[in-house]
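A short worksheet on the structure shown next.
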Amino acid sequence: MKQNRTLDELLADESQCPEEINPGKDLWPGIEQAINQEQQKRTWGLSINSKIALSSAASVLAAVLLIKTDFSSNSEPQLNDSIAALVETYEQEKQQMLVRYQGQEALVSDWQQQLHDMEEAAKSLRTALENDPDNAVLIRMLGNVYQQQLDLINKVHAPQWQQI
Amino acid sequence: MTAVAEAYAGEDPDSPLVDQAASGDSRAFKQLYERHYKRVYALCLRMTANPESAEECTQEAFIKAWRKLDTFNKQSRFSTWLHTLASRTTLDYLRKHKSWLKLVFSQEEESIPEAHGPSLEQDNIELSSLDKLLCRLPERARVVFTLHGVEGYRHVEIAEMLGISSGASRAQYHRARNLLQEWLDHEAE
């Protein structure tokens, strides 16, 4: 019993078994960075959702325009040169970014699905533009959808918070 | 001293800060961190016996606390909830490491370490002589001793956390006590 009492005395002694121990370094910066990233992810989740909603709206509008133009034109539709150049530039940049970030962990897991949704929206707009190549609204929407894709790829691959 | 056994009496002094932090106020959360990080670190250090691992576990525990603040139902004090979170986080950390796998899957008894093992002083951590001995306990015994003897968890709670029986928890606790006392006696000679 004496054996246990001795150990118990040490356990009850604040100097031998302190409630608090000071770590050798400041741990807050790593925590703060993780927290900030969490907040950024939440903000981005909302932001990306609104962008997807915008892209979906663009798809619907493009589909409506496509149906409308299908009835009014029998000629073989094609993108005009300036729109084709715009599409090519964005597609090249997108592919370069995807290659650059290949193998790097993304901040959100479903970003590829989000990118796919935007690609579908862009595809609908391109199809609509083939039938109505001078439609300024469609051209602007197509540019926006491409820019959103680039933004999405960039931001979901933002540098990770420091290793803890 | 006892985080779990601590009765929830009266108003939790952390409650206003918890409310602010749960609504996304990171400055309020930093204040909670300032109040509790040394206790959380002490728990993590005693469980891992490694200053760097303890730093990682402490950070991870606070990051998890931030993520889960909205699930904190105030049935206990914030400090109690935080310490349980830290204990589980540290156990998860240990499970991910080889030593823990060995602990779980090996039926062989762990070898008894010498009282005079490697020093922690090089890590700029000032430890009491008791803590230095505690850090030299075999992992299984050290974890159980820290949770029961220092933090006040009941054996049934420890058993649930570690996935062992209450009897095994008690056995490890007594093994730790015997080793510590043996080393203390040796030092007194």
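Chain labels A, B, ... are given in the sequence in which chains occur in the structure tokens; within each chain residues are numbered consecutively from 1, and ligands are likewise numbered from 1 in the order shown.
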
Residues of chain B no more than 9 Å from chain A, counting only C-alpha atoms: send them over as an mmCIF file with C-alpha atoms, in the first residue's frame.
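What follows is the written file selection.cif:
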```cif
data_model
loop_
_atom_site.group_PDB
_atom_site.id
_atom_site.type_symbol
_atom_site.label_atom_id
_atom_site.label_comp_id
_atom_site.auth_asym_id
_atom_site.auth_seq_id
_atom_site.Cartn_x
_atom_site.Cartn_y
_atom_site.Cartn_z
ATOM 1 C CA MET B 1 -7.706 17.133 -12.842
ATOM 2 C CA GLY B 24 -17.757 31.546 -37.250
ATOM 3 C CA SER B 26 -12.237 32.753 -35.303
ATOM 4 C CA LYS B 30 -8.440 31.722 -30.592
ATOM 5 C CA TYR B 33 -7.416 27.970 -27.730
ATOM 6 C CA GLU B 34 -5.420 30.274 -25.441
ATOM 7 C CA HIS B 36 -7.003 25.340 -23.146
ATOM 8 C CA TYR B 37 -4.031 24.527 -25.353
ATOM 9 C CA LYS B 38 -1.602 23.788 -22.528
ATOM 10 C CA ARG B 39 -3.941 21.247 -20.930
ATOM 11 C CA VAL B 40 -4.676 19.641 -24.268
ATOM 12 C CA TYR B 41 -0.967 19.502 -25.065
ATOM 13 C CA ALA B 42 -0.231 17.901 -21.672
ATOM 14 C CA LEU B 43 -2.786 15.192 -22.406
ATOM 15 C CA LEU B 45 2.176 14.541 -24.741
ATOM 16 C CA PRO B 51 6.629 16.240 -28.339
ATOM 17 C CA ALA B 54 1.765 15.822 -29.278
ATOM 18 C CA GLU B 55 1.997 19.077 -31.237
ATOM 19 C CA GLU B 56 0.303 17.456 -34.230
ATOM 20 C CA THR B 58 -3.045 19.228 -30.277
ATOM 21 C CA GLN B 59 -3.417 21.074 -33.564
ATOM 22 C CA GLU B 60 -5.636 18.376 -34.997
ATOM 23 C CA PHE B 62 -8.421 22.132 -32.119
ATOM 24 C CA ILE B 63 -9.080 21.946 -35.856
ATOM 25 C CA TRP B 66 -13.596 24.177 -34.796
ATOM 26 C CA ARG B 67 -15.275 21.919 -37.349
ATOM 27 C CA ASP B 123 12.891 19.083 -27.345
ATOM 28 C CA ASN B 124 12.804 22.128 -25.036
ATOM 29 C CA ILE B 125 9.990 20.579 -23.033
ATOM 30 C CA GLU B 126 10.400 20.849 -19.296
ATOM 31 C CA LEU B 127 8.964 17.694 -17.824
ATOM 32 C CA SER B 128 8.717 16.646 -14.198
ATOM 33 C CA SER B 129 10.536 13.498 -13.186
ATOM 34 C CA LEU B 130 7.187 11.699 -12.959
ATOM 35 C CA ASP B 131 6.220 12.745 -16.480
ATOM 36 C CA GLY B 149 -4.755 7.970 -13.503
ATOM 37 C CA VAL B 150 -4.268 11.512 -14.778
ATOM 38 C CA ARG B 177 1.590 1.766 -11.652
ATOM 39 C CA ASN B 178 3.915 -1.090 -10.804
ATOM 40 C CA LEU B 180 6.362 3.622 -12.283
ATOM 41 C CA GLN B 181 6.754 2.680 -8.647
ATOM 42 C CA GLU B 182 9.607 0.324 -9.455
ATOM 43 C CA LEU B 184 10.693 5.603 -8.525
ATOM 44 C CA ASP B 185 12.107 3.201 -5.948
#
```

Residues flagged alpha helix (DSSP H) by DSSP in segment 24-189 of chain B, as a compact mmCIF listing (two decimals) with N, CA and C atoms, in the first residue's frame:
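Written output follows (result-v8.txt):
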```txt
# COMPACT_ATOMS: atom_id res chain seq x y z
N SER B 26 -13.50 33.44 -35.56
CA SER B 26 -12.24 32.75 -35.30
C SER B 26 -11.45 33.42 -34.18
N ARG B 27 -11.71 34.72 -33.92
CA ARG B 27 -11.01 35.38 -32.81
C ARG B 27 -11.49 34.81 -31.47
N ALA B 28 -12.78 34.53 -31.39
CA ALA B 28 -13.32 33.91 -30.17
C ALA B 28 -12.72 32.51 -30.01
N PHE B 29 -12.56 31.82 -31.13
CA PHE B 29 -11.99 30.47 -31.06
C PHE B 29 -10.53 30.53 -30.60
N LYS B 30 -9.83 31.58 -31.04
CA LYS B 30 -8.44 31.72 -30.59
C LYS B 30 -8.37 31.91 -29.07
N GLN B 31 -9.36 32.64 -28.53
CA GLN B 31 -9.38 32.83 -27.08
C GLN B 31 -9.61 31.49 -26.37
N LEU B 32 -10.47 30.68 -26.96
CA LEU B 32 -10.69 29.34 -26.38
C LEU B 32 -9.40 28.52 -26.45
N TYR B 33 -8.71 28.66 -27.57
CA TYR B 33 -7.42 27.97 -27.73
C TYR B 33 -6.44 28.41 -26.64
N GLU B 34 -6.36 29.74 -26.44
CA GLU B 34 -5.42 30.27 -25.44
C GLU B 34 -5.72 29.72 -24.05
N ARG B 35 -7.01 29.53 -23.77
CA ARG B 35 -7.39 29.03 -22.44
C ARG B 35 -7.02 27.56 -22.25
N HIS B 36 -7.06 26.80 -23.32
CA HIS B 36 -7.00 25.34 -23.15
C HIS B 36 -5.80 24.62 -23.77
N TYR B 37 -5.01 25.29 -24.58
CA TYR B 37 -4.03 24.53 -25.35
C TYR B 37 -2.99 23.82 -24.48
N LYS B 38 -2.64 24.42 -23.35
CA LYS B 38 -1.60 23.79 -22.53
C LYS B 38 -2.10 22.49 -21.89
N ARG B 39 -3.38 22.47 -21.52
CA ARG B 39 -3.94 21.25 -20.93
C ARG B 39 -4.09 20.17 -21.99
N VAL B 40 -4.53 20.61 -23.18
CA VAL B 40 -4.68 19.64 -24.27
C VAL B 40 -3.30 19.08 -24.65
N TYR B 41 -2.32 19.96 -24.70
CA TYR B 41 -0.97 19.50 -25.07
C TYR B 41 -0.43 18.52 -24.02
N ALA B 42 -0.69 18.80 -22.74
CA ALA B 42 -0.23 17.90 -21.67
C ALA B 42 -0.82 16.51 -21.86
N LEU B 43 -2.12 16.47 -22.17
CA LEU B 43 -2.79 15.19 -22.41
C LEU B 43 -2.16 14.46 -23.60
N CYS B 44 -1.98 15.21 -24.70
CA CYS B 44 -1.43 14.60 -25.92
C CYS B 44 0.01 14.12 -25.70
N LEU B 45 0.78 14.91 -24.97
CA LEU B 45 2.18 14.54 -24.74
C LEU B 45 2.27 13.27 -23.89
N ARG B 46 1.43 13.20 -22.87
CA ARG B 46 1.47 12.00 -22.01
C ARG B 46 1.02 10.76 -22.78
N MET B 47 0.08 10.94 -23.68
CA MET B 47 -0.41 9.78 -24.45
C MET B 47 0.58 9.34 -25.52
N THR B 48 1.23 10.31 -26.17
CA THR B 48 2.12 9.96 -27.28
C THR B 48 3.58 9.79 -26.83
N PRO B 51 7.04 14.83 -28.21
CA PRO B 51 6.63 16.24 -28.34
C PRO B 51 6.08 16.60 -29.72
N GLU B 52 6.70 16.10 -30.77
CA GLU B 52 6.22 16.46 -32.12
C GLU B 52 4.86 15.84 -32.40
N SER B 53 4.69 14.60 -31.98
CA SER B 53 3.38 13.96 -32.16
C SER B 53 2.32 14.69 -31.34
N ALA B 54 2.71 15.10 -30.14
CA ALA B 54 1.77 15.82 -29.28
C ALA B 54 1.37 17.16 -29.91
N GLU B 55 2.32 17.82 -30.55
CA GLU B 55 2.00 19.08 -31.24
C GLU B 55 0.98 18.82 -32.35
N GLU B 56 1.22 17.78 -33.13
CA GLU B 56 0.30 17.46 -34.23
C GLU B 56 -1.08 17.13 -33.70
N CYS B 57 -1.13 16.33 -32.63
CA CYS B 57 -2.42 15.93 -32.07
C CYS B 57 -3.16 17.14 -31.49
N THR B 58 -2.42 18.03 -30.84
CA THR B 58 -3.04 19.23 -30.28
C THR B 58 -3.66 20.07 -31.39
N GLN B 59 -2.90 20.29 -32.45
CA GLN B 59 -3.42 21.07 -33.56
C GLN B 59 -4.64 20.40 -34.18
N GLU B 60 -4.53 19.11 -34.38
CA GLU B 60 -5.64 18.38 -35.00
C GLU B 60 -6.88 18.43 -34.11
N ALA B 61 -6.67 18.33 -32.81
CA ALA B 61 -7.81 18.38 -31.88
C ALA B 61 -8.53 19.72 -31.98
N PHE B 62 -7.78 20.81 -32.04
CA PHE B 62 -8.42 22.13 -32.12
C PHE B 62 -9.08 22.35 -33.48
N ILE B 63 -8.46 21.81 -34.53
CA ILE B 63 -9.08 21.95 -35.86
C ILE B 63 -10.41 21.17 -35.89
N LYS B 64 -10.38 19.98 -35.29
CA LYS B 64 -11.63 19.21 -35.22
C LYS B 64 -12.67 19.93 -34.37
N ALA B 65 -12.21 20.52 -33.27
CA ALA B 65 -13.13 21.25 -32.40
C ALA B 65 -13.81 22.38 -33.17
N TRP B 66 -13.04 23.09 -33.98
CA TRP B 66 -13.60 24.18 -34.80
C TRP B 66 -14.66 23.63 -35.76
N ARG B 67 -14.33 22.50 -36.38
CA ARG B 67 -15.27 21.92 -37.35
C ARG B 67 -16.56 21.44 -36.67
N LYS B 68 -16.40 20.94 -35.43
CA LYS B 68 -17.54 20.27 -34.78
C LYS B 68 -18.23 21.13 -33.74
N PHE B 78 -17.35 22.83 -22.01
CA PHE B 78 -16.58 22.83 -23.25
C PHE B 78 -15.24 22.12 -23.04
N SER B 79 -14.62 22.37 -21.89
CA SER B 79 -13.29 21.78 -21.63
C SER B 79 -13.37 20.25 -21.60
N THR B 80 -14.47 19.72 -21.06
CA THR B 80 -14.65 18.27 -21.01
C THR B 80 -14.81 17.71 -22.42
N TRP B 81 -15.64 18.39 -23.19
CA TRP B 81 -15.87 17.98 -24.58
C TRP B 81 -14.56 18.04 -25.37
N LEU B 82 -13.81 19.11 -25.16
CA LEU B 82 -12.55 19.29 -25.88
C LEU B 82 -11.55 18.20 -25.53
N HIS B 83 -11.49 17.85 -24.24
CA HIS B 83 -10.53 16.83 -23.81
C HIS B 83 -10.89 15.45 -24.34
N THR B 84 -12.19 15.17 -24.41
CA THR B 84 -12.61 13.89 -24.99
C THR B 84 -12.23 13.85 -26.47
N LEU B 85 -12.46 14.98 -27.14
CA LEU B 85 -12.10 15.09 -28.56
C LEU B 85 -10.59 14.90 -28.74
N ALA B 86 -9.82 15.52 -27.86
CA ALA B 86 -8.36 15.42 -27.94
C ALA B 86 -7.89 13.98 -27.67
N SER B 87 -8.53 13.33 -26.70
CA SER B 87 -8.15 11.94 -26.40
C SER B 87 -8.40 11.04 -27.60
N ARG B 88 -9.58 11.20 -28.19
CA ARG B 88 -9.93 10.35 -29.35
C ARG B 88 -9.04 10.67 -30.55
N THR B 89 -8.74 11.95 -30.73
CA THR B 89 -7.86 12.35 -31.83
C THR B 89 -6.48 11.72 -31.66
N THR B 90 -5.99 11.72 -30.43
CA THR B 90 -4.66 11.16 -30.17
C THR B 90 -4.67 9.65 -30.35
N LEU B 91 -5.75 9.00 -29.92
CA LEU B 91 -5.84 7.56 -30.14
C LEU B 91 -5.87 7.25 -31.64
N ASP B 92 -6.60 8.05 -32.39
CA ASP B 92 -6.62 7.86 -33.86
C ASP B 92 -5.21 8.02 -34.43
N TYR B 93 -4.51 9.01 -33.91
CA TYR B 93 -3.13 9.27 -34.37
C TYR B 93 -2.25 8.04 -34.08
N LEU B 94 -2.38 7.53 -32.87
CA LEU B 94 -1.56 6.37 -32.49
C LEU B 94 -1.92 5.15 -33.33
N ARG B 95 -3.21 5.01 -33.62
CA ARG B 95 -3.65 3.85 -34.42
C ARG B 95 -3.03 3.89 -35.81
N LYS B 98 2.72 2.62 -36.65
CA LYS B 98 3.11 1.23 -36.55
C LYS B 98 3.01 0.68 -35.13
N SER B 99 3.43 1.51 -34.20
CA SER B 99 3.47 1.04 -32.82
C SER B 99 2.08 0.64 -32.35
N TRP B 100 1.08 1.41 -32.84
CA TRP B 100 -0.28 1.10 -32.40
C TRP B 100 -0.78 -0.19 -33.07
N LEU B 101 -0.43 -0.37 -34.33
CA LEU B 101 -0.82 -1.60 -35.00
C LEU B 101 -0.22 -2.80 -34.27
N LYS B 102 1.03 -2.63 -33.89
CA LYS B 102 1.70 -3.69 -33.14
C LYS B 102 0.95 -3.95 -31.83
N LEU B 103 0.55 -2.84 -31.23
CA LEU B 103 -0.17 -2.92 -29.95
C LEU B 103 -1.47 -3.70 -30.10
N VAL B 104 -2.18 -3.44 -31.18
CA VAL B 104 -3.49 -4.05 -31.37
C VAL B 104 -3.38 -5.52 -31.79
N PHE B 105 -2.47 -5.78 -32.73
CA PHE B 105 -2.46 -7.10 -33.34
C PHE B 105 -1.50 -8.09 -32.69
N SER B 129 9.93 14.83 -13.17
CA SER B 129 10.54 13.50 -13.19
C SER B 129 9.46 12.42 -13.35
N LEU B 130 8.27 12.67 -12.80
CA LEU B 130 7.19 11.70 -12.96
C LEU B 130 6.76 11.60 -14.42
N ASP B 131 6.62 12.76 -15.07
CA ASP B 131 6.22 12.75 -16.48
C ASP B 131 7.28 12.08 -17.36
N LYS B 132 8.53 12.28 -17.02
CA LYS B 132 9.59 11.64 -17.79
C LYS B 132 9.48 10.12 -17.70
N LEU B 133 9.16 9.63 -16.49
CA LEU B 133 8.99 8.19 -16.32
C LEU B 133 7.74 7.72 -17.05
N LEU B 134 6.68 8.53 -16.97
CA LEU B 134 5.42 8.17 -17.62
C LEU B 134 5.63 8.00 -19.13
N GLU B 139 3.51 1.75 -24.56
CA GLU B 139 2.42 2.58 -25.07
C GLU B 139 1.05 2.23 -24.49
N ARG B 140 0.74 0.95 -24.47
CA ARG B 140 -0.57 0.51 -24.00
C ARG B 140 -0.79 0.94 -22.54
N ALA B 141 0.20 0.67 -21.72
CA ALA B 141 0.10 1.01 -20.30
C ALA B 141 0.08 2.53 -20.12
N ARG B 142 0.87 3.23 -20.92
CA ARG B 142 0.94 4.69 -20.80
C ARG B 142 -0.39 5.36 -21.14
N VAL B 143 -1.00 4.90 -22.22
CA VAL B 143 -2.28 5.49 -22.64
C VAL B 143 -3.34 5.28 -21.56
N VAL B 144 -3.43 4.05 -21.07
CA VAL B 144 -4.44 3.75 -20.05
C VAL B 144 -4.15 4.53 -18.77
N PHE B 145 -2.89 4.58 -18.39
CA PHE B 145 -2.55 5.29 -17.15
C PHE B 145 -2.87 6.78 -17.28
N HIS B 155 -12.63 3.10 -16.33
CA HIS B 155 -12.11 2.01 -17.15
C HIS B 155 -13.10 1.61 -18.25
N VAL B 156 -14.38 1.71 -17.95
CA VAL B 156 -15.36 1.33 -18.96
C VAL B 156 -15.31 2.31 -20.15
N GLU B 157 -15.01 3.57 -19.85
CA GLU B 157 -14.90 4.56 -20.93
C GLU B 157 -13.62 4.31 -21.75
N ILE B 158 -12.56 4.01 -21.04
CA ILE B 158 -11.29 3.73 -21.73
C ILE B 158 -11.43 2.48 -22.60
N ALA B 159 -12.11 1.48 -22.05
CA ALA B 159 -12.31 0.24 -22.80
C ALA B 159 -13.05 0.52 -24.10
N GLU B 160 -14.04 1.38 -24.03
CA GLU B 160 -14.82 1.71 -25.23
C GLU B 160 -13.95 2.45 -26.25
N MET B 161 -13.13 3.36 -25.74
CA MET B 161 -12.27 4.14 -26.64
C MET B 161 -11.21 3.27 -27.32
N LEU B 162 -10.66 2.32 -26.54
CA LEU B 162 -9.55 1.52 -27.07
C LEU B 162 -9.99 0.22 -27.72
N SER B 166 -12.87 -3.87 -20.06
CA SER B 166 -12.57 -3.08 -18.85
C SER B 166 -11.48 -3.74 -18.04
N GLY B 167 -11.51 -5.07 -18.02
CA GLY B 167 -10.49 -5.81 -17.27
C GLY B 167 -9.10 -5.57 -17.84
N ALA B 168 -9.03 -5.53 -19.18
CA ALA B 168 -7.72 -5.28 -19.82
C ALA B 168 -7.24 -3.87 -19.50
N SER B 169 -8.18 -2.94 -19.42
CA SER B 169 -7.81 -1.56 -19.07
C SER B 169 -7.26 -1.51 -17.64
N ARG B 170 -7.96 -2.20 -16.74
CA ARG B 170 -7.48 -2.24 -15.34
C ARG B 170 -6.10 -2.88 -15.26
N ALA B 171 -5.92 -3.95 -15.99
CA ALA B 171 -4.62 -4.67 -15.96
C ALA B 171 -3.49 -3.76 -16.44
N GLN B 172 -3.76 -3.01 -17.51
CA GLN B 172 -2.73 -2.12 -18.03
C GLN B 172 -2.43 -0.98 -17.04
N TYR B 173 -3.48 -0.52 -16.38
CA TYR B 173 -3.30 0.55 -15.40
C TYR B 173 -2.39 0.07 -14.25
N HIS B 174 -2.67 -1.11 -13.75
CA HIS B 174 -1.86 -1.62 -12.63
C HIS B 174 -0.44 -1.94 -13.09
N ARG B 175 -0.32 -2.39 -14.31
CA ARG B 175 1.02 -2.64 -14.85
C ARG B 175 1.82 -1.33 -14.88
N ALA B 176 1.15 -0.28 -15.32
CA ALA B 176 1.81 1.04 -15.37
C ALA B 176 2.21 1.50 -13.97
N ARG B 177 1.30 1.34 -13.03
CA ARG B 177 1.59 1.77 -11.65
C ARG B 177 2.80 1.01 -11.10
N ASN B 178 2.81 -0.28 -11.33
CA ASN B 178 3.91 -1.09 -10.80
C ASN B 178 5.25 -0.66 -11.41
N LEU B 179 5.22 -0.44 -12.71
CA LEU B 179 6.46 -0.02 -13.37
C LEU B 179 6.93 1.34 -12.86
N LEU B 180 5.99 2.27 -12.76
CA LEU B 180 6.36 3.62 -12.28
C LEU B 180 6.94 3.55 -10.87
N GLN B 181 6.28 2.77 -10.03
CA GLN B 181 6.75 2.68 -8.65
C GLN B 181 8.14 2.03 -8.58
N GLU B 182 8.31 1.01 -9.42
CA GLU B 182 9.61 0.32 -9.46
C GLU B 182 10.71 1.31 -9.85
N TRP B 183 10.41 2.13 -10.85
CA TRP B 183 11.40 3.10 -11.30
C TRP B 183 11.64 4.20 -10.25
N LEU B 184 10.55 4.59 -9.59
CA LEU B 184 10.69 5.60 -8.53
C LEU B 184 11.56 5.07 -7.39
N ASP B 185 11.32 3.83 -7.02
CA ASP B 185 12.11 3.20 -5.95
C ASP B 185 13.57 3.11 -6.35
N HIS B 186 13.77 2.78 -7.64
CA HIS B 186 15.13 2.65 -8.15
C HIS B 186 15.85 4.00 -8.09
N GLU B 187 15.12 5.05 -8.43
CA GLU B 187 15.72 6.40 -8.40
C GLU B 187 16.03 6.84 -6.97
N ALA B 188 15.21 6.38 -6.01
CA ALA B 188 15.39 6.78 -4.61
C ALA B 188 16.58 6.10 -3.97
```

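Residues lying within 7 Å of segment 152-158 of chain A, counting only C-alpha atoms and ignoring same-chain neighbours fewer than 4 positions away, are A:Tyr101, A:Glu105, A:Ala106, A:Leu107, A:Val108, A:Gln148.
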
- prompt: Hey, which of A:Ile139, A:Val99, A:Val87, A:Val145 ends up closest to Glu119 of chain A? Count only C-alpha atoms.
  reply: A:Val145

- prompt: Could you pull the residues within 10 Å of Leu150 of chain A, counting only C-alpha atoms, minus those fewer than 5 positions along the same chain, as an MDAnalysis selection string?
  reply: chainID A and resid 90:91 93:95 97:98 115 144:145 155

Using the selection just defined, write its residues with C-alpha atoms as a PDB file, in the first residue's frame.
```
ATOM      1  CA  TYR A  90     -10.003  28.691 -73.389  1.00  0.00           C
ATOM      2  CA  GLU A  91      -9.787  24.957 -74.019  1.00  0.00           C
ATOM      3  CA  GLU A  93      -5.670  27.132 -71.160  1.00  0.00           C
ATOM      4  CA  LYS A  94      -7.956  24.729 -69.337  1.00  0.00           C
ATOM      5  CA  GLN A  95      -5.983  21.705 -70.492  1.00  0.00           C
ATOM      6  CA  MET A  97      -4.095  24.048 -65.981  1.00  0.00           C
ATOM      7  CA  LEU A  98      -5.395  20.498 -65.623  1.00  0.00           C
ATOM      8  CA  LEU A 115     -16.351  21.150 -64.004  1.00  0.00           C
ATOM      9  CA  ASN A 144     -18.303  33.483 -68.683  1.00  0.00           C
ATOM     10  CA  VAL A 145     -18.754  29.735 -68.474  1.00  0.00           C
ATOM     11  CA  LYS A 155      -9.207  27.830 -56.693  1.00  0.00           C
TER      12      LYS A 155
END
```

- prompt: What is the distance between atom CA of Ser124 of chain A and atom CA of Ser109 of chain A, in Å to one decimal?
  reply: 25.2 Å
